[in-house]
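**Student:** Before we start, here is the structure in question, set down as structure tokens.
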Amino acid sequence: MTLRPMMRNDRASAMLGMVVEHDAPGESRVSMTVRDDMLNGFAITHGGLVFTLADTAFAIACNEDERVTVAGGADITFLKSTTAGQTLTATAARRARSGRTGLYDIRVTDETGDLVAEVRGRSITTDRRPPAMPPGPFDELRDLHRGRDLRHDRITRPRARRRALHHGGVSMTMTVPSRPDLSASVDPTGIPLASLRALQLERLKWTVRHAYENVALYRRKFDEAGVHPDDIRSLDDIRLLPFTTKADLRETYPFGMFAVPMPDVRRIHASSGTTGRPTVVGYTAGDLDRWADLVARSLSAAGIGPGDRVHNAYGYGLFTGGLGAHAGIERLGATVIPMSGGQTARQAQLIQDFAPDAILCTPSYLLTIADALEAAGVDPRSTSLRVAVLGAEPWTNEMRREIERRLDLTAVDIYGLSEVMGPGVASESALTKDGPHIWEDHFLPETIDGDTGEPVADGELGELVFTSLTKEAFPVIRYRTRDLTRLQPGTAFPSMRRIEKITGRNDDMIILRGVNLFPTQIEEIVLGIETLTPHFVLELRREGRMDAMTVRIERHPALEREVCEAAGAVLQQRIKVHIGTSVDVRVEEPGSLPRSEGKYKRVYDLR
């Protein structure tokens with residue numbers, strides 16, 4: 001949509017006397033002289049009219065192609081009031097753009113050049129066009145490719161396809177049911193809640209039928225529970241469905257959970273299998289495309305934009321972190337530095353040499369990199385890093401503060417697990433830093449009582465459960481993550497619920513002489529004592545008939561041992577007071593404990 005048709009149809013801007021002074025891709029400048037009828041009862045220009053001026057400049061800067069771009073949200077700060085006779089000028093410039101979403105800075109100044117207001121706006125590009133704008137030639141081809149009936153603007157329902165799968169020498173028949181448009185873009189900042197719930201229900205019905213018709217384990221479990229896909233008529237009906245556990249995934253090793261023929265699988269990932277058979281997951285081309293979109297969405301929420309350099313220190317290989325993050329960085333339009341994990345001294349050197357804007361890794365490994373920088377004589381606060389997107393292990397807000405203090409950056413949480421997709425299931429906004437928002441257009445979350453399996457209300461602590469809504473190769477129905485958290489209302493993305501930082505896992509819980517505790521509780525106490533380092537491990541042992549635990553923690557290299565021993569005694573006392581159990585604390589020499597090069601192993605069970 002070009003400037004002229006937009007301004008010709010914009011009666012509000014014409015009525016206010018706005019004049020377009022500059023119009024170029026991604027930028028504009030619009031002015032307006034304040035009249036008497038624009039003042040409020042205190043003879044000051046109405047703030048709403050100042051915002052309207054900014055919004056017009058914003059709309060012109062956004063709309064540089066044939067798609068319609070509208071405001072998806074804005075934050076405005078008023079710095080100065082104005083009155084009649086003054087000329088206000090709004091200047092809009094694109095700050096970052098990713099896919100359908102853009103970020104813009106708009107400045108409103110008076111004729112003296114003083115700043116009247118600052119606006120940070122978020123734009124959404126939509127495929128809806130005004131009546132005067134017929135679809136272009138490529139739009140029609142794209143819509144037909146997605147199965148859209150252009151005459152009625154609705155998704156058509158082609159008949160289900162049946163395909164032959166040859167697995168293990170046995171010919172099987174797979175049914176791929178009719179499905180909604182799984183790739184339909186959703187704006188997380190502006191989708192109405194009712195629209196989101198309707199989309200979830202449509203996608204849930206397809207997922208349940210897809211899993212039932214194409215995965216033998218799901219068909220068996222559904223039949224045993226006496227439930228059929230036709231029974232899913234509302235989102236609440238998900239409670240009729242049985243849970244999926246990691247044991248189910250191991251029972252069907254390697255490819256028994258795949259819901260598409262193997263020729264349609266484009267990538268396979270797997271867990272490490274340290275506690276048994278690895279869990280194997282697969283992705284179609286469409287799955288990989290959506291995964292990249294969601295990681296890009298997550299990185300954008302963290303404040304990373306096109307053109308930024310991103311140091312990716314997640315491990316590459318069967319682990320989903322490295323390649324999942326890599327694709328999202330590229331999809332965002334940023335530059336990926338594919339370092340992977342390990343080689344910590346080289347990581348530190350490349351951060352100095354390549355000057356990345358952001359880093360992706362586990363939080364414990366970022367502290368290890370900070371140690372390596374200091375060992376090389378470099379102040380970690382002096383690097384180019386301004387954002388850290390951290391995940392793959394539980395970490396506390398105390399560790400966030402420690403990381404931000406040591407490296408002078410913004411640290412945000414990204415959440416994911418390979419059984420559900422990988423990184424990018426949920427992500428935190430750098431603006432709020434109040435827990436990861438779940439991308440609910442692709443994943444339906446629940447929280448349950450870990451013992452009974454009964455649902456718990458939003459806001460109450462429970463085990464997190466996920467149902468995928470758009471996965472083709474590896475749909476998951478009510479997958480028990482074992483992660484403990486609370487579902488909270490959305491903030492940065494109001495329609496999408498968020499989770500509290502993961503406090504622990506059902507299967508990470510330590511029962512010590514009748515007291516339940518998690519390693520993150522110890523971490524929180526450790527990081528509250530400034531004279532201690534964050535490098536510690538927990539050792540469990542048997543003393544006679546009783547279990548005992550020792551916290552082994554490194555002393556601070558810049559402090560005398562006596563000072564650190566005293567801090568260890570404080571740690572021991574605080575654990576007793578806050579957790580309710582007695583432990584031993586042993587202060588170790590700097591560098592004596594193992595360092596993380598990925599997920600940090602905190603607990604060593606020697607019983």
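Here's how to read the names in the structure tokens: chain A, B, ... by the order shown, residue numbers from 1 in each chain, ligand numbers from 1 in the order shown.
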Could you give me the residues within range 387-453 of chain A that DSSP places in alpha helix (DSSP H), as a ChimeraX atom specification?
**Tutor:** /A:397-407
**Student:** Pull the closest atom pair for each residue of range 411-438 of chain A that gets at most 12 Å from range 180-188 of chain A, along with the distance in Å to one decimal, counting only C-alpha atoms, ordering rows by chain and then ascending residue number, as CSV.
**Tutor:**
residue,atom,partner,partner_atom,distance
A:Ala426,CA,A:Pro188,CA,11.5
A:Ser427,CA,A:Pro188,CA,11.6
A:Ser429,CA,A:Pro188,CA,11.6
A:His437,CA,A:Pro188,CA,9.5
A:Ile438,CA,A:Pro188,CA,9.8
**Student:** Please produce a file of those selected residues containing C-alpha atoms, as a CSV table (one decimal), in the first residue's frame.
**Tutor:**
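Result file is again.csv:
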chain,number,residue,atom,x,y,z
A,426,ALA,CA,8.5,-20.0,25.3
A,427,SER,CA,10.7,-17.0,25.7
A,429,SER,CA,10.7,-10.4,26.9
A,437,HIS,CA,5.7,-16.3,27.5
A,438,ILE,CA,4.5,-19.6,25.9
**Student:** Grab the CA of Val456 in chain A to CA of Arg239 in chain A distance for me, in Å with one decimal place.
**Tutor:**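 Taking CA of Val456 in chain A and CA of Arg239 in chain A, their separation equals 11.9 Å.
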**Student:** Excluding same-chain residues fewer than 4 positions from Thr531 in chain A, what lies within 7 Å of it counting only C-alpha atoms, as a PyMOL selection string?
**Tutor:** chain A and resi 556+564+567
**Student:** State, in Å with one decimal place, the distance from CA of Val336 in chain A to CA of Val310 in chain A.
**Tutor:**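 If I compute the distance from CA of Val336 in chain A to CA of Val310 in chain A, I get 5.0 Å.
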**Student:** Can you pull out every residue within 12 Å of range 339-351 of chain A, counting only C-alpha atoms, but drop anything in the same chain fewer than 4 positions away, and send it as a ChimeraX atom specification?
**Tutor:** /A:309-317,319-326,355-362,365-386,595-599
**Student:** Would you export the selected residues with N, CA and C atoms as a compact mmCIF listing (two decimals), in the first residue's frame, please?
**Tutor:**
# COMPACT_ATOMS: atom_id res chain seq x y z
N ARG A 309 25.04 -9.52 15.48
CA ARG A 309 25.89 -10.71 15.48
C ARG A 309 25.58 -11.52 16.75
N VAL A 310 25.33 -12.81 16.57
CA VAL A 310 24.90 -13.66 17.68
C VAL A 310 25.87 -14.83 17.82
N HIS A 311 26.50 -14.92 18.97
CA HIS A 311 27.44 -15.99 19.31
C HIS A 311 26.62 -17.16 19.86
N ASN A 312 26.56 -18.26 19.12
CA ASN A 312 25.75 -19.41 19.51
C ASN A 312 26.64 -20.46 20.16
N ALA A 313 26.57 -20.56 21.50
CA ALA A 313 27.40 -21.51 22.23
C ALA A 313 26.59 -22.70 22.74
N TYR A 314 25.39 -22.90 22.18
CA TYR A 314 24.68 -24.14 22.44
C TYR A 314 25.33 -25.25 21.62
N GLY A 315 25.30 -26.46 22.15
CA GLY A 315 25.95 -27.58 21.47
C GLY A 315 25.23 -27.98 20.19
N TYR A 316 25.98 -28.22 19.13
CA TYR A 316 25.44 -28.72 17.87
C TYR A 316 25.46 -30.25 17.89
N GLY A 317 24.61 -30.84 17.06
CA GLY A 317 24.55 -32.29 17.00
C GLY A 317 23.14 -32.77 17.26
N PHE A 319 21.59 -32.87 20.09
CA PHE A 319 20.94 -31.92 20.99
C PHE A 319 20.25 -30.83 20.16
N THR A 320 19.02 -30.47 20.55
CA THR A 320 18.25 -29.52 19.74
C THR A 320 18.73 -28.08 19.86
N GLY A 321 19.50 -27.77 20.90
CA GLY A 321 19.83 -26.37 21.17
C GLY A 321 20.60 -25.67 20.07
N GLY A 322 21.70 -26.27 19.63
CA GLY A 322 22.57 -25.57 18.69
C GLY A 322 21.92 -25.32 17.34
N LEU A 323 21.43 -26.37 16.68
CA LEU A 323 20.84 -26.20 15.35
C LEU A 323 19.51 -25.45 15.42
N GLY A 324 18.73 -25.67 16.49
CA GLY A 324 17.47 -24.94 16.63
C GLY A 324 17.70 -23.46 16.74
N ALA A 325 18.64 -23.06 17.60
CA ALA A 325 18.96 -21.63 17.74
C ALA A 325 19.55 -21.07 16.45
N HIS A 326 20.42 -21.87 15.81
CA HIS A 326 21.08 -21.43 14.57
C HIS A 326 20.05 -21.02 13.51
N ALA A 355 33.25 -9.45 18.31
CA ALA A 355 32.37 -8.43 18.88
C ALA A 355 30.89 -8.72 18.67
N PRO A 356 30.41 -9.87 19.14
CA PRO A 356 28.97 -10.17 18.97
C PRO A 356 28.11 -9.27 19.84
N ASP A 357 26.86 -9.07 19.39
CA ASP A 357 25.90 -8.29 20.17
C ASP A 357 25.19 -9.15 21.21
N ALA A 358 25.07 -10.46 20.95
CA ALA A 358 24.31 -11.34 21.81
C ALA A 358 24.99 -12.70 21.89
N ILE A 359 24.66 -13.43 22.94
CA ILE A 359 25.18 -14.79 23.10
C ILE A 359 24.04 -15.70 23.53
N LEU A 360 24.05 -16.94 23.03
CA LEU A 360 23.08 -17.97 23.40
C LEU A 360 23.85 -19.14 23.99
N CYS A 361 23.49 -19.55 25.22
CA CYS A 361 24.14 -20.68 25.88
C CYS A 361 23.37 -21.00 27.16
N THR A 362 23.88 -21.93 27.94
CA THR A 362 23.29 -22.18 29.25
C THR A 362 23.80 -21.11 30.22
N TYR A 365 27.13 -21.96 31.83
CA TYR A 365 28.29 -21.88 30.93
C TYR A 365 28.68 -20.42 30.69
N LEU A 366 27.73 -19.51 30.71
CA LEU A 366 28.09 -18.10 30.54
C LEU A 366 28.97 -17.63 31.70
N LEU A 367 28.70 -18.12 32.90
CA LEU A 367 29.58 -17.78 34.03
C LEU A 367 30.96 -18.40 33.84
N THR A 368 31.01 -19.58 33.24
CA THR A 368 32.31 -20.19 32.94
C THR A 368 33.08 -19.34 31.92
N ILE A 369 32.37 -18.83 30.91
CA ILE A 369 33.02 -17.94 29.93
C ILE A 369 33.50 -16.66 30.60
N ALA A 370 32.70 -16.13 31.54
CA ALA A 370 33.13 -14.94 32.28
C ALA A 370 34.41 -15.22 33.05
N ASP A 371 34.51 -16.41 33.66
CA ASP A 371 35.74 -16.78 34.35
C ASP A 371 36.92 -16.82 33.37
N ALA A 372 36.69 -17.36 32.17
CA ALA A 372 37.76 -17.45 31.17
C ALA A 372 38.21 -16.06 30.72
N LEU A 373 37.27 -15.14 30.57
CA LEU A 373 37.63 -13.77 30.20
C LEU A 373 38.51 -13.14 31.28
N GLU A 374 38.11 -13.33 32.54
CA GLU A 374 38.90 -12.77 33.63
C GLU A 374 40.28 -13.41 33.69
N ALA A 375 40.34 -14.73 33.45
CA ALA A 375 41.63 -15.42 33.46
C ALA A 375 42.56 -14.89 32.37
N ALA A 376 41.95 -14.39 31.26
CA ALA A 376 42.74 -13.82 30.17
C ALA A 376 43.04 -12.34 30.39
N GLY A 377 42.64 -11.82 31.54
CA GLY A 377 42.92 -10.41 31.85
C GLY A 377 41.91 -9.44 31.25
N VAL A 378 40.73 -9.96 30.87
CA VAL A 378 39.70 -9.13 30.24
C VAL A 378 38.54 -8.94 31.21
N ASP A 379 38.12 -7.72 31.40
CA ASP A 379 36.94 -7.45 32.22
C ASP A 379 35.70 -7.90 31.45
N PRO A 380 34.92 -8.88 31.96
CA PRO A 380 33.74 -9.35 31.22
C PRO A 380 32.74 -8.24 30.91
N ARG A 381 32.78 -7.14 31.67
CA ARG A 381 31.85 -6.04 31.44
C ARG A 381 32.27 -5.18 30.25
N SER A 382 33.48 -5.43 29.74
CA SER A 382 33.98 -4.57 28.66
C SER A 382 33.69 -5.13 27.27
N THR A 383 33.08 -6.31 27.19
CA THR A 383 32.85 -6.90 25.87
C THR A 383 31.69 -6.19 25.16
N SER A 384 31.47 -6.58 23.91
CA SER A 384 30.39 -5.99 23.10
C SER A 384 29.02 -6.59 23.43
N LEU A 385 28.97 -7.65 24.21
CA LEU A 385 27.72 -8.34 24.48
C LEU A 385 26.73 -7.43 25.22
N ARG A 386 25.50 -7.39 24.70
CA ARG A 386 24.45 -6.62 25.38
C ARG A 386 23.24 -7.46 25.73
N ARG A 595 33.75 -27.70 35.37
CA ARG A 595 33.11 -26.54 34.75
C ARG A 595 32.10 -27.00 33.71
N SER A 596 31.03 -26.21 33.55
CA SER A 596 29.99 -26.54 32.58
C SER A 596 30.44 -26.17 31.18
N GLU A 597 30.20 -27.07 30.23
CA GLU A 597 30.33 -26.74 28.82
C GLU A 597 29.00 -27.02 28.11
N GLY A 598 27.96 -27.00 28.86
CA GLY A 598 26.60 -27.24 28.36
C GLY A 598 25.68 -27.23 29.56
N LYS A 599 24.90 -28.29 29.72
CA LYS A 599 24.09 -28.42 30.91
C LYS A 599 24.99 -28.78 32.09
**Student:** Can you tell me, as a VMD selection string, what residues are no more than 8 Å from range 483-485 of chain A when counting only C-alpha atoms, ignoring any on the same chain fewer than 6 positions away?
**Tutor:** chain A and resid 447 461 to 464 499 to 506
**Student:** Those same residues - C-alpha atoms - I'd like them written as a PDB file, in the first residue's frame.
**Tutor:**
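Result saved to again_31.pdb:
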ATOM      1  CA  THR A 447      -0.291 -27.404  34.979  1.00  0.00           C
ATOM      2  CA  LEU A 461       2.549 -24.445  41.454  1.00  0.00           C
ATOM      3  CA  GLY A 462       2.275 -27.555  39.334  1.00  0.00           C
ATOM      4  CA  GLU A 463       3.954 -29.776  36.775  1.00  0.00           C
ATOM      5  CA  LEU A 464       3.989 -28.283  33.293  1.00  0.00           C
ATOM      6  CA  ILE A 499       5.520 -19.356  33.164  1.00  0.00           C
ATOM      7  CA  GLU A 500       7.458 -18.534  36.284  1.00  0.00           C
ATOM      8  CA  LYS A 501      11.121 -19.403  36.031  1.00  0.00           C
ATOM      9  CA  ILE A 502      11.376 -23.172  36.407  1.00  0.00           C
ATOM     10  CA  THR A 503      12.095 -23.849  40.089  1.00  0.00           C
ATOM     11  CA  GLY A 504      12.956 -27.492  39.645  1.00  0.00           C
ATOM     12  CA  ARG A 505      11.741 -30.811  38.323  1.00  0.00           C
ATOM     13  CA  ASN A 506       9.791 -33.649  39.853  1.00  0.00           C
TER      14      ASN A 506
END
